[in-house]
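Text of the file upload09.csv, holding CSV, C-alpha atoms and all ligand atoms:
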chain,number,residue,atom,x,y,z
I,1,MET,CA,-11.5,14.8,71.8
I,2,SER,CA,-8.3,15.1,73.8
I,3,GLU,CA,-6.2,12.6,75.7
I,4,PHE,CA,-3.9,13.4,78.5
I,5,ARG,CA,-1.2,11.2,79.9
I,6,VAL,CA,-0.7,11.2,83.6
I,7,GLU,CA,2.9,10.5,84.3
I,8,LEU,CA,3.1,8.8,87.7
I,9,LYS,CA,6.3,6.8,87.8
I,10,LYS,CA,7.2,6.1,91.4
I,11,VAL,CA,10.3,5.2,93.3
I,12,ILE,CA,9.2,4.0,96.6
I,13,ASP,CA,11.4,3.2,99.6
I,14,ASP,CA,9.4,1.2,102.0
I,15,SER,CA,12.4,-0.2,103.9
I,16,TYR,CA,12.0,-0.4,107.7
I,17,ASN,CA,13.8,-1.8,110.7
I,18,ILE,CA,12.7,-4.8,112.8
I,19,GLU,CA,14.0,-4.4,116.4
I,20,ILE,CA,14.1,-7.6,118.4
I,21,GLY,CA,14.6,-7.3,122.2
I,22,TYR,CA,13.1,-7.2,125.6
I,23,ASP,CA,10.7,-4.5,126.8
I,24,LEU,CA,11.0,-2.1,123.9
I,25,VAL,CA,8.5,0.6,124.9
I,26,GLU,CA,11.3,3.0,125.7
I,27,ARG,CA,12.8,2.3,122.3
I,28,LEU,CA,9.5,3.1,120.7
I,29,MET,CA,9.3,6.4,122.6
I,30,ASN,CA,12.8,7.4,121.6
I,31,ASP,CA,12.1,6.6,118.0
I,32,ILE,CA,9.0,8.7,118.0
I,33,ARG,CA,10.9,11.6,119.6
I,34,ASP,CA,13.6,11.1,116.9
I,35,GLY,CA,11.1,11.5,114.1
I,36,LEU,CA,10.0,8.0,113.2
I,37,PHE,CA,6.6,9.5,112.3
I,38,GLY,CA,8.0,12.7,110.9
I,39,SER,CA,6.5,15.8,112.5
I,40,LYS,CA,3.3,14.0,113.6
I,41,HIS,CA,2.2,14.8,117.1
I,42,ARG,CA,-1.0,12.8,117.5
I,43,PHE,CA,-1.0,9.1,118.0
I,44,VAL,CA,-3.6,6.3,118.0
I,45,VAL,CA,-2.9,3.2,120.0
I,46,ILE,CA,-4.9,0.2,118.7
I,47,THR,CA,-5.0,-2.9,120.8
I,48,ASP,CA,-7.3,-5.6,122.2
I,49,THR,CA,-8.9,-6.2,125.6
I,50,ASN,CA,-6.1,-8.5,126.8
I,51,VAL,CA,-3.1,-6.4,125.7
I,52,ARG,CA,-4.6,-3.1,126.8
I,53,ASP,CA,-3.6,-3.6,130.5
I,54,LEU,CA,-0.3,-5.4,129.6
I,55,TYR,CA,1.1,-2.8,127.1
I,56,GLY,CA,-1.6,-0.5,125.7
I,57,GLU,CA,-2.1,1.7,128.8
I,58,ARG,CA,1.6,2.0,129.3
I,59,ILE,CA,2.3,3.1,125.7
I,60,LEU,CA,-0.6,5.5,125.8
I,61,ASN,CA,0.6,7.1,129.1
I,62,GLU,CA,4.2,7.4,127.9
I,63,LEU,CA,3.1,9.2,124.8
I,64,LYS,CA,1.1,11.6,126.8
I,65,THR,CA,3.9,12.1,129.3
I,66,ILE,CA,6.2,13.1,126.5
I,67,GLY,CA,3.6,15.6,125.4
I,68,TYR,CA,1.9,14.0,122.4
I,69,GLY,CA,-1.8,13.8,121.8
I,70,ALA,CA,-2.9,10.2,122.1
I,71,ASP,CA,-5.9,8.0,122.4
I,72,MET,CA,-6.4,4.3,122.7
I,73,PHE,CA,-8.9,2.2,120.8
I,74,VAL,CA,-9.6,-1.2,122.2
I,75,PHE,CA,-11.5,-4.1,120.7
I,76,GLU,CA,-12.5,-7.5,122.0
I,77,ALA,CA,-9.6,-10.0,121.9
I,78,GLY,CA,-9.7,-12.8,119.4
I,79,GLU,CA,-9.9,-13.7,115.7
I,80,LYS,CA,-13.7,-13.1,115.7
I,81,SER,CA,-13.0,-9.4,116.0
I,82,LYS,CA,-10.8,-9.3,112.9
I,83,THR,CA,-13.7,-7.9,110.8
I,84,ARG,CA,-14.7,-5.0,108.7
I,85,LYS,CA,-17.1,-4.1,111.4
I,86,THR,CA,-14.4,-3.7,114.1
I,87,LYS,CA,-12.3,-1.7,111.6
I,88,GLU,CA,-15.3,0.6,110.9
I,89,GLU,CA,-16.1,1.0,114.6
I,90,ILE,CA,-12.5,2.1,115.3
I,91,GLU,CA,-12.5,4.4,112.3
I,92,ASP,CA,-15.7,6.1,113.4
I,93,ALA,CA,-14.4,6.5,116.9
I,94,MET,CA,-11.2,8.0,115.6
I,95,LEU,CA,-13.1,10.5,113.4
I,96,GLU,CA,-15.3,11.3,116.3
I,97,LYS,CA,-12.2,12.2,118.4
I,98,GLY,CA,-11.0,14.5,115.5
I,99,TYR,CA,-8.3,12.3,114.1
I,100,ARG,CA,-7.6,12.9,110.4
I,101,ARG,CA,-4.5,12.5,108.3
I,102,ASP,CA,-2.5,14.1,111.1
I,103,CYS,CA,-2.0,11.0,113.1
I,104,GLY,CA,0.3,7.9,113.4
I,105,ILE,CA,-1.0,4.5,114.4
I,106,ILE,CA,0.7,2.2,116.9
I,107,ALA,CA,-0.6,-1.4,116.7
I,108,VAL,CA,0.0,-3.2,120.0
I,109,GLY,CA,-0.7,-6.9,120.2
I,110,GLY,CA,-0.8,-10.1,118.3
I,111,GLY,CA,-1.5,-10.8,114.7
I,112,VAL,CA,-5.2,-10.0,114.9
I,113,VAL,CA,-4.3,-6.4,116.1
I,114,THR,CA,-1.4,-5.9,113.6
I,115,ASP,CA,-3.4,-7.2,110.7
I,116,LEU,CA,-6.4,-5.1,111.5
I,117,ALA,CA,-4.6,-1.9,112.5
I,118,GLY,CA,-2.2,-2.1,109.5
I,119,PHE,CA,-5.2,-2.4,107.2
I,120,LEU,CA,-7.0,0.5,109.0
I,121,ALA,CA,-3.8,2.6,108.7
I,122,GLY,CA,-3.7,2.0,105.0
I,123,THR,CA,-7.2,3.3,104.4
I,124,PHE,CA,-7.7,6.0,107.1
I,125,GLY,CA,-7.5,9.3,105.4
I,126,ARG,CA,-6.1,7.4,102.4
I,127,GLY,CA,-3.2,6.2,104.5
I,128,VAL,CA,-1.4,7.2,107.6
I,129,PRO,CA,1.9,5.7,108.9
I,130,PHE,CA,1.9,2.9,111.5
I,131,VAL,CA,4.2,0.7,113.5
I,132,ASN,CA,3.7,-2.8,114.9
I,133,TYR,CA,4.5,-3.6,118.5
I,134,ALA,CA,4.2,-7.4,118.4
I,135,THR,CA,3.4,-9.1,121.7
I,136,THR,CA,2.8,-12.7,120.6
I,137,MET,CA,5.2,-15.3,119.2
I,138,LEU,CA,3.0,-15.7,116.2
I,139,ALA,CA,3.0,-12.0,115.4
I,140,ALA,CA,6.8,-12.0,115.9
I,141,ALA,CA,7.3,-15.0,113.7
I,142,ASP,CA,5.0,-14.0,110.9
I,143,ALA,CA,2.1,-11.5,111.2
I,144,SER,CA,3.8,-8.3,112.1
I,145,VAL,CA,6.5,-8.5,109.4
I,146,GLY,CA,6.0,-8.4,105.7
I,147,GLY,CA,3.2,-5.8,105.2
I,148,LYS,CA,0.3,-8.1,104.6
I,149,THR,CA,-2.7,-6.6,106.4
I,150,ALA,CA,-6.3,-7.8,106.3
I,151,VAL,CA,-9.6,-8.7,108.0
I,152,ASP,CA,-11.7,-11.8,107.8
I,153,THR,CA,-15.1,-12.2,106.2
I,154,PRO,CA,-17.8,-14.8,107.0
I,155,LEU,CA,-16.6,-16.7,103.9
I,156,ALA,CA,-12.9,-17.1,104.9
I,157,THR,CA,-10.0,-15.4,106.6
I,158,ASN,CA,-7.9,-12.5,105.3
I,159,LEU,CA,-9.9,-11.9,102.2
I,160,ILE,CA,-10.1,-8.1,102.4
I,161,GLY,CA,-6.9,-6.1,102.9
I,162,LEU,CA,-3.9,-4.3,101.7
I,163,PHE,CA,-0.2,-4.6,101.3
I,164,ASN,CA,0.9,-1.9,103.7
I,165,GLN,CA,4.4,-1.7,105.2
I,166,PRO,CA,4.9,-0.5,108.7
I,167,LYS,CA,7.4,2.2,109.6
I,168,LYS,CA,9.0,-0.1,112.1
I,169,VAL,CA,8.4,-3.4,113.8
I,170,TYR,CA,9.2,-4.0,117.5
I,171,ILE,CA,9.4,-7.7,118.6
I,172,ASP,CA,9.2,-7.7,122.3
I,173,ILE,CA,10.3,-11.2,123.5
I,174,ALA,CA,9.5,-10.3,127.1
I,175,ALA,CA,5.8,-10.1,126.1
I,176,TRP,CA,5.8,-13.9,125.3
I,177,LYS,CA,6.1,-14.6,129.1
I,178,SER,CA,2.5,-13.6,129.8
I,179,LEU,CA,1.1,-15.5,126.8
I,180,PRO,CA,-1.1,-18.4,127.7
I,181,LYS,CA,0.7,-21.7,126.9
I,182,ARG,CA,-1.7,-22.5,124.1
I,183,GLN,CA,-1.0,-19.2,122.4
I,184,LEU,CA,2.8,-19.6,122.7
I,185,ILE,CA,2.5,-23.1,121.1
I,186,SER,CA,0.3,-21.7,118.3
I,187,GLY,CA,3.2,-19.3,117.5
I,188,LEU,CA,5.6,-22.2,117.1
I,189,SER,CA,3.6,-23.5,114.2
I,190,GLU,CA,4.6,-20.7,111.8
I,191,THR,CA,8.1,-21.0,113.2
I,192,ILE,CA,8.2,-24.7,112.2
I,193,LYS,CA,6.7,-23.8,108.9
I,194,HIS,CA,9.5,-21.3,108.2
I,195,ALA,CA,12.1,-24.0,109.1
I,196,CYS,CA,10.4,-26.5,106.8
I,197,LEU,CA,10.3,-24.2,103.8
I,198,ALA,CA,13.7,-22.6,104.1
I,199,ASP,CA,16.2,-23.8,106.6
I,200,VAL,CA,17.0,-27.4,107.6
I,201,SER,CA,19.6,-26.2,110.2
I,202,PHE,CA,16.9,-24.1,111.9
I,203,PHE,CA,14.7,-27.2,111.9
I,204,ASP,CA,17.5,-29.2,113.6
I,205,PHE,CA,17.7,-26.4,116.2
I,206,LEU,CA,14.0,-26.5,116.9
I,207,GLU,CA,14.1,-30.3,117.3
I,208,GLY,CA,16.8,-29.9,119.9
I,209,ASN,CA,15.4,-26.8,121.7
I,210,ILE,CA,11.6,-27.0,121.8
I,211,ASP,CA,11.5,-27.5,125.6
I,212,ALA,CA,13.9,-24.6,126.0
I,213,ILE,CA,11.8,-22.3,123.9
I,214,LEU,CA,8.6,-23.3,125.7
I,215,SER,CA,10.3,-22.5,129.0
I,216,MET,CA,11.3,-19.1,127.6
I,217,ASP,CA,15.1,-19.7,127.5
I,218,LYS,CA,16.5,-16.4,126.5
I,219,ILE,CA,19.1,-17.5,123.9
I,220,ALA,CA,16.7,-20.0,122.3
I,221,CYS,CA,13.9,-17.5,122.1
I,222,GLU,CA,16.2,-14.9,120.6
I,223,HIS,CA,17.4,-17.4,118.0
I,224,VAL,CA,13.8,-18.2,117.1
I,225,ALA,CA,12.8,-14.5,116.7
I,226,GLU,CA,15.9,-13.8,114.6
I,227,ALA,CA,15.6,-16.8,112.4
I,228,ASN,CA,11.9,-16.2,111.7
I,229,CYS,CA,12.6,-12.6,110.7
I,230,ARG,CA,15.5,-13.6,108.5
I,231,ILE,CA,13.5,-16.3,106.7
I,232,LYS,CA,10.5,-14.1,106.2
I,233,TYR,CA,12.2,-10.9,105.0
I,234,ASN,CA,14.4,-12.9,102.6
I,235,VAL,CA,11.2,-13.9,100.8
I,236,VAL,CA,9.4,-10.6,101.1
I,237,MET,CA,12.3,-8.6,99.9
I,238,GLN,CA,12.3,-10.6,96.7
I,239,ASP,CA,8.5,-10.7,96.1
I,240,GLU,CA,6.6,-8.2,98.3
I,241,LEU,CA,3.3,-8.5,96.4
I,242,GLU,CA,3.2,-12.3,96.1
I,243,ASN,CA,3.6,-12.6,92.4
I,244,GLY,CA,5.6,-15.8,92.8
I,245,LEU,CA,8.1,-16.6,95.5
I,246,ARG,CA,6.1,-15.2,98.4
I,247,GLU,CA,3.5,-18.0,97.8
I,248,ILE,CA,5.9,-20.3,99.7
I,249,LEU,CA,4.9,-18.6,102.9
I,250,ASN,CA,1.5,-20.2,102.4
I,251,LEU,CA,3.0,-23.6,103.1
I,252,GLY,CA,0.3,-25.5,105.2
I,253,HIS,CA,-2.2,-22.7,104.6
I,254,THR,CA,-4.5,-24.2,101.9
I,255,VAL,CA,-6.0,-26.6,104.5
I,256,GLY,CA,-4.9,-24.4,107.4
I,257,ARG,CA,-7.0,-21.4,106.5
I,258,ALA,CA,-10.0,-23.5,105.5
I,259,ILE,CA,-10.0,-25.5,108.8
I,260,GLU,CA,-9.6,-22.3,110.8
I,261,THR,CA,-12.9,-21.0,109.4
I,262,VAL,CA,-14.7,-24.3,109.4
I,263,SER,CA,-13.8,-24.7,113.1
I,264,ASP,CA,-15.4,-21.3,113.7
I,265,TYR,CA,-12.1,-20.2,115.2
I,266,ARG,CA,-12.1,-22.9,117.9
I,267,LEU,CA,-8.7,-23.8,116.4
I,268,LEU,CA,-6.1,-21.0,116.7
I,269,HIS,CA,-4.4,-19.9,113.6
I,270,GLY,CA,-1.2,-21.8,114.4
I,271,GLU,CA,-3.1,-24.9,115.3
I,272,ALA,CA,-4.9,-24.8,112.0
I,273,VAL,CA,-1.6,-24.3,110.1
I,274,SER,CA,-0.1,-27.3,111.9
I,275,ILE,CA,-2.9,-29.5,110.6
I,276,GLY,CA,-2.5,-27.9,107.2
I,277,MET,CA,1.2,-28.8,107.3
I,278,ILE,CA,0.3,-32.5,107.7
I,279,ALA,CA,-2.0,-32.2,104.7
I,280,GLN,CA,0.6,-30.7,102.4
I,281,MET,CA,3.2,-33.1,103.5
I,282,LYS,CA,1.0,-36.1,102.8
I,283,ILE,CA,0.6,-34.8,99.2
I,284,SER,CA,4.3,-34.2,99.0
I,285,VAL,CA,5.0,-37.8,100.1
I,286,LYS,CA,2.5,-39.1,97.5
I,287,TYR,CA,4.3,-37.2,94.8
I,288,GLY,CA,7.7,-38.3,96.0
I,289,TYR,CA,8.9,-34.8,97.1
I,290,MET,CA,9.3,-36.0,100.7
I,291,THR,CA,10.2,-39.3,102.2
I,292,VAL,CA,8.1,-41.0,104.9
I,293,GLU,CA,11.0,-40.5,107.3
I,294,GLU,CA,11.0,-36.7,106.7
I,295,PHE,CA,7.2,-36.6,107.1
I,296,ASN,CA,7.6,-38.4,110.4
I,297,ARG,CA,10.3,-36.0,111.6
I,298,VAL,CA,8.2,-33.0,111.0
I,299,LYS,CA,5.1,-34.6,112.5
I,300,ALA,CA,7.1,-35.6,115.6
I,301,LEU,CA,8.3,-31.9,116.0
I,302,LEU,CA,4.7,-30.6,115.7
I,303,ASN,CA,3.5,-33.2,118.3
I,304,LYS,CA,6.4,-32.5,120.6
I,305,SER,CA,5.5,-28.8,120.5
I,306,GLY,CA,2.0,-29.6,121.5
I,307,LEU,CA,0.4,-28.7,118.2
I,308,PRO,CA,-2.5,-30.8,116.8
I,309,THR,CA,-1.7,-33.0,113.8
I,310,ALA,CA,-5.2,-34.6,113.3
I,311,ILE,CA,-8.4,-33.0,112.3
I,312,PRO,CA,-10.7,-32.7,115.3
I,313,ASP,CA,-13.9,-34.9,115.2
I,314,TYR,CA,-16.2,-31.9,115.3
I,315,ILE,CA,-15.0,-30.8,111.9
I,316,ASP,CA,-17.3,-31.7,109.0
I,317,ARG,CA,-14.7,-33.0,106.5
I,318,GLU,CA,-16.9,-32.5,103.4
I,319,GLU,CA,-17.5,-28.8,104.4
I,320,LEU,CA,-13.7,-28.5,104.8
I,321,VAL,CA,-13.2,-29.8,101.2
I,322,LYS,CA,-15.7,-27.2,100.0
I,323,LYS,CA,-14.0,-24.5,102.0
I,324,LEU,CA,-10.7,-25.1,100.2
I,325,TYR,CA,-12.1,-23.2,97.2
I,326,THR,CA,-12.2,-20.0,99.2
I,327,ASP,CA,-8.4,-20.0,99.3
I,328,LYS,CA,-6.7,-17.0,97.6
I,329,LYS,CA,-4.4,-19.3,95.6
I,330,VAL,CA,-7.4,-20.9,93.7
I,331,ARG,CA,-6.9,-20.4,90.0
I,332,ASP,CA,-9.2,-21.5,87.2
I,333,GLY,CA,-11.4,-23.2,89.7
I,334,LYS,CA,-8.5,-25.4,90.9
I,335,ILE,CA,-7.3,-25.8,94.5
I,336,ARG,CA,-3.6,-25.2,94.8
I,337,PHE,CA,-1.0,-26.3,97.3
I,338,VAL,CA,2.5,-25.2,98.1
I,339,LEU,CA,4.5,-28.4,98.7
I,340,GLN,CA,7.5,-29.1,100.8
I,341,LYS,CA,10.6,-30.6,99.2
I,342,GLY,CA,12.4,-32.6,101.9
I,343,ILE,CA,13.0,-30.5,105.0
I,344,GLY,CA,14.1,-26.9,104.4
I,345,ASP,CA,12.9,-26.4,100.8
I,346,VAL,CA,9.8,-26.2,98.7
I,347,VAL,CA,9.0,-27.4,95.2
I,348,GLU,CA,9.4,-24.9,92.3
I,349,PHE,CA,6.9,-26.4,89.8
I,350,GLU,CA,8.1,-24.2,87.0
I,351,LYS,CA,10.3,-21.1,87.0
I,352,GLY,CA,8.8,-18.7,89.6
I,353,VAL,CA,5.7,-21.0,90.3
I,354,PHE,CA,5.6,-22.4,93.8
I,355,SER,CA,2.0,-23.8,94.0
I,356,ALA,CA,0.4,-26.5,92.0
I,357,PRO,CA,-3.2,-27.5,91.2
I,358,ILE,CA,-4.3,-30.5,93.1
I,359,GLU,CA,-7.3,-32.6,92.2
I,360,GLU,CA,-10.2,-32.4,94.7
I,361,SER,CA,-10.2,-36.2,94.9
I,362,LEU,CA,-6.6,-36.2,96.2
I,363,ALA,CA,-7.3,-33.3,98.6
I,364,ARG,CA,-10.4,-35.2,99.9
I,365,GLU,CA,-8.4,-38.4,100.3
I,366,VAL,CA,-5.8,-36.7,102.4
I,367,ILE,CA,-8.4,-34.9,104.5
I,368,MET,CA,-10.1,-38.2,105.2
I,369,GLU,CA,-6.7,-39.7,106.3
I,370,ILE,CA,-5.7,-37.1,108.8
S,1,LIG,N1,-0.1,-10.6,108.1
S,1,LIG,C1,0.5,-11.8,108.0
S,1,LIG,O1,1.4,-12.0,107.2
S,1,LIG,C2,0.0,-12.9,108.9
S,1,LIG,C3,0.8,-14.0,109.0
S,1,LIG,C4,0.4,-15.0,109.9
S,1,LIG,C5,-0.7,-14.9,110.7
S,1,LIG,N2,-1.5,-13.7,110.5
S,1,LIG,C6,-2.7,-13.5,111.4
S,1,LIG,O2,-2.3,-13.4,112.7
S,1,LIG,C7,-3.4,-13.8,113.5
S,1,LIG,C8,-3.0,-14.7,114.6
S,1,LIG,O3,-2.0,-14.0,115.4
S,1,LIG,P1,-2.0,-14.2,117.0
S,1,LIG,O4,-1.9,-15.6,117.3
S,1,LIG,O5,-0.9,-13.3,117.5
S,1,LIG,O6,-3.4,-13.8,117.5
S,1,LIG,P2,-4.0,-12.7,118.5
S,1,LIG,O7,-3.6,-11.3,118.1
S,1,LIG,O8,-5.5,-13.0,118.6
S,1,LIG,O9,-3.3,-13.0,119.9
S,1,LIG,C9,-3.6,-14.2,120.5
S,1,LIG,C10,-4.1,-14.0,121.9
S,1,LIG,O10,-3.1,-13.6,122.8
S,1,LIG,C11,-3.4,-12.4,123.5
S,1,LIG,N3,-2.2,-11.7,123.7
S,1,LIG,C12,-1.5,-11.0,122.9
S,1,LIG,N4,-0.3,-10.6,123.4
S,1,LIG,C13,-0.3,-11.1,124.7
S,1,LIG,C14,0.6,-11.1,125.7
S,1,LIG,N5,1.8,-10.6,125.6
S,1,LIG,N6,0.3,-11.7,126.9
S,1,LIG,C15,-0.9,-12.4,127.0
S,1,LIG,N7,-1.8,-12.4,126.0
S,1,LIG,C16,-1.5,-11.8,124.9
S,1,LIG,C17,-4.4,-11.8,122.6
S,1,LIG,O11,-5.3,-10.9,123.3
S,1,LIG,C18,-5.2,-13.0,122.0
S,1,LIG,O12,-6.2,-13.4,122.9
S,1,LIG,C19,-4.4,-14.4,112.6
S,1,LIG,O13,-5.5,-13.5,112.4
S,1,LIG,C20,-3.6,-14.6,111.3
S,1,LIG,O14,-4.4,-14.6,110.2
S,1,LIG,C21,-1.1,-12.7,109.7
Would you write the structure of this file as C-alpha cells?
Ligand SMILES: NC(=O)c1ccc[n+]([C@@H]2O[C@H](COP(=O)([O-])OP(=O)(O)OC[C@H]3O[C@@H](n4cnc5c(N)ncnc54)[C@H](O)[C@@H]3O)[C@@H](O)[C@H]2O)c1
Amino acid sequence: MSEFRVELKKVIDDSYNIEIGYDLVERLMNDIRDGLFGSKHRFVVITDTNVRDLYGERILNELKTIGYGADMFVFEAGEKSKTRKTKEEIEDAMLEKGYRRDCGIIAVGGGVVTDLAGFLAGTFGRGVPFVNYATTMLAAADASVGGKTAVDTPLATNLIGLFNQPKKVYIDIAAWKSLPKRQLISGLSETIKHACLADVSFFDFLEGNIDAILSMDKIACEHVAEANCRIKYNVVMQDELENGLREILNLGHTVGRAIETVSDYRLLHGEAVSIGMIAQMKISVKYGYMTVEEFNRVKALLNKSGLPTAIPDYIDREELVKKLYTDKKVRDGKIRFVLQKGIGDVVEFEKGVFSAPIEESLAREVIMEI
C-alpha cells in the first residue's frame, strides 16, 4: 500500500474589466490585438438569431479582417434555447470545424447567450477563455457580470452550470436602442432589485428617472449601467461562489424563477422577478422588516416601469407552490427566501446567512394574494 499526496494549492487571479460605453466593437478588436486572449488566433462568436445581424456578423467580419480565424454559431433566440441540447449542438459544430483548446469565445447577446456561452466555454476542451459582449439591459444589469453561467432543464431554470469568469465584459449601451420595449422593461427589473437590496439613493434616482431611462437618455442610462455593475461586483468580490452574501442577489428569485418556468417562459426573466419581488416584500411586511409604505413605493416603481406585479390568470398557483421546491436555495426540504429590509438593504438572519426558511403555508398565502 502506498499513498501519495497531490499538492495543488492555487492562487487564482480571475480579475477582469467591465467596460461600459457606446458601440464597443472597436474596443473589443483592439483588446484582442493587444493580447486579451493571449496568443490565441481563432475565435468563436456565439450569438442568437436576433443579435446575429445586429452585432454578430460585424464582430465576425472584423475578426476576419484583422486576420484571425473565426466562425459564428447561432441559435434560435429566446429562453427556450438555453438548454444542454443547444450547448451540445454548438459544441459538436465547433468540433466539426476543427476547434479545440486553441480558441477563444466571444458571447454576443443578452443573458441567454452569455449564460450559455460562458458555460460552454468552461467545459469546451476543459475550458477556454471567453468574453461577454452584452447587448441587453438585463445582461448589462446582471447576467453578463459575476461569472454565473448555466442552462435550464425541464424542471427549472439555471440548474446545470459553472462559475466561470470572463476575461472581460463589454456593456454596450447603444445596443439597448434596438431592444423591443418589453425587453428593455424586463431589464429594469434586476435594476430595481439591485436598488432594493443595496442602495436607497439609487432607488430614489430610479423613481425620478424611469421615463428618462425608457427613452434612452444618455446620462440616465450610463448611471443605471454603472450603478448595476458597482452593486453586483461589490457582492461578487466578497462571495464569488455564493457561500453566503451572494445569496442576496436572489432577492425576488424564489418565486421569480418558479413562475418563469411555470409560465413556460411566456413571462420574461425580468417580469418573473418583478412578481417575485412582490412575493418577498409581502413576507417582509408580514415579518415587520418592511413597512406598508415602503412596499407601496417599490410596487409603484415596478408598475411605473411597466413591469407586472400580479400573477397572470393562466398560472396554476398550486403548481407554482410546488415549483418553489426546485429552487437552488432549498435546504432540508424547506423553501427559503431572501427578504428585503426597508429599501436598500436585506435581512441578515444570522451572521453570513441571508435567506430564511419560510413555511409552505405562508408562501401559498402570499401567492394566493398576488
Ligand atoms: N448569470 C447570471 O448571473 C444571470 C443573472 C440574471 C439573469 N440571467 C439570465 O439572463 C437571461 C435573461 O437575459 P435577457 O433578458 O438578456 O435575455 P435574452 O438573451 O433572451 O435577450 C432578450 C431578447 O432580446 C434580443 N436581443 C438581444 N440584444 C438585442 C438588441 N441589442 N436589440 C434587439 N434585440 C436584442 C434577444 O435575441 C432576445 O430575443 C435569463 O436566462 C436569466 O436566467 C443570468
Can I get the residues of chain I within 7 Å of ligand LIG 1 (chain S), each with the closest pair of atoms and their distance in Å to one decimal, using only C-alpha atoms and all ligand atoms, sorted chain first then ascending number, as a Markdown table?
| residue | atom | partner | partner_atom | distance |
| --- | --- | --- | --- | --- |
| I:Asp48 | CA | S:LIG1 | O11 | 5.8 |
| I:Thr49 | CA | S:LIG1 | O11 | 6.4 |
| I:Asn50 | CA | S:LIG1 | O11 | 4.3 |
| I:Val51 | CA | S:LIG1 | N4 | 5.5 |
| I:Leu54 | CA | S:LIG1 | N6 | 6.9 |
| I:Ala77 | CA | S:LIG1 | O11 | 4.6 |
| I:Gly78 | CA | S:LIG1 | O8 | 4.3 |
| I:Glu79 | CA | S:LIG1 | O8 | 5.3 |
| I:Lys82 | CA | S:LIG1 | O13 | 6.8 |
| I:Gly109 | CA | S:LIG1 | N4 | 4.9 |
| I:Gly110 | CA | S:LIG1 | O7 | 3.1 |
| I:Gly111 | CA | S:LIG1 | O3 | 3.3 |
| I:Val112 | CA | S:LIG1 | O7 | 3.8 |
| I:Val113 | CA | S:LIG1 | O7 | 5.3 |
| I:Asp115 | CA | S:LIG1 | N1 | 5.4 |
| I:Thr135 | CA | S:LIG1 | N4 | 4.3 |
| I:Thr136 | CA | S:LIG1 | N4 | 4.7 |
| I:Met137 | CA | S:LIG1 | O5 | 6.6 |
| I:Leu138 | CA | S:LIG1 | O5 | 4.8 |
| I:Ala139 | CA | S:LIG1 | O5 | 4.6 |
| I:Asp142 | CA | S:LIG1 | C3 | 4.6 |
| I:Ala143 | CA | S:LIG1 | C2 | 3.4 |
| I:Ser144 | CA | S:LIG1 | N1 | 6.0 |
| I:Val145 | CA | S:LIG1 | O1 | 6.6 |
| I:Gly146 | CA | S:LIG1 | O1 | 6.0 |
| I:Gly147 | CA | S:LIG1 | N1 | 6.5 |
| I:Lys148 | CA | S:LIG1 | N1 | 4.3 |
| I:Thr149 | CA | S:LIG1 | N1 | 5.1 |
| I:Thr157 | CA | S:LIG1 | O14 | 6.7 |
| I:Asn158 | CA | S:LIG1 | O14 | 6.4 |
| I:Ala175 | CA | S:LIG1 | N5 | 4.1 |
| I:Trp176 | CA | S:LIG1 | N5 | 5.2 |
| I:Lys177 | CA | S:LIG1 | N5 | 6.8 |
| I:Ser178 | CA | S:LIG1 | N6 | 4.1 |
| I:Leu179 | CA | S:LIG1 | C15 | 3.7 |
| I:Pro180 | CA | S:LIG1 | C15 | 6.0 |
| I:Gln183 | CA | S:LIG1 | C9 | 5.9 |
| I:Ser186 | CA | S:LIG1 | O4 | 6.6 |
| I:Gly187 | CA | S:LIG1 | O4 | 6.3 |
| I:Leu268 | CA | S:LIG1 | O4 | 6.9 |
| I:His269 | CA | S:LIG1 | C8 | 5.5 |
| I:Gly270 | CA | S:LIG1 | O4 | 6.9 |
Who sits within 8 Å of range 313-315 of chain I, all atoms listed in the file, same chain under 6 positions skipped, as a list in words: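 Counting all atoms listed in the file, the residues come to Ile259, Val262 and Ser263 of chain I.
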Cut-off 12 Å around (12.7, -33.8, 109.0) with all atoms listed in the file: residues as a PyMOL selection string: chain I and resi 192-193+195-197+199-207+281+290-302+340-345
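Coordinates place CA of Lys167 in chain I at a distance of 8.0 Å from CA of Ser15 in chain I.
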Shell around Val366 in chain I at 9 Å using only C-alpha atoms, local window under 6 positions removed, as a PyMOL selection string: chain I and resi 279-280+282-283
Same residues, C-alpha atoms, saved as a PDB file, in the coordinates of the input:
ATOM      1  CA  ALA I 279      -2.000 -32.200 104.700  1.00  0.00           C
ATOM      2  CA  GLN I 280       0.600 -30.700 102.400  1.00  0.00           C
ATOM      3  CA  LYS I 282       1.000 -36.100 102.800  1.00  0.00           C
ATOM      4  CA  ILE I 283       0.600 -34.800  99.200  1.00  0.00           C
TER       5      ILE I 283
END
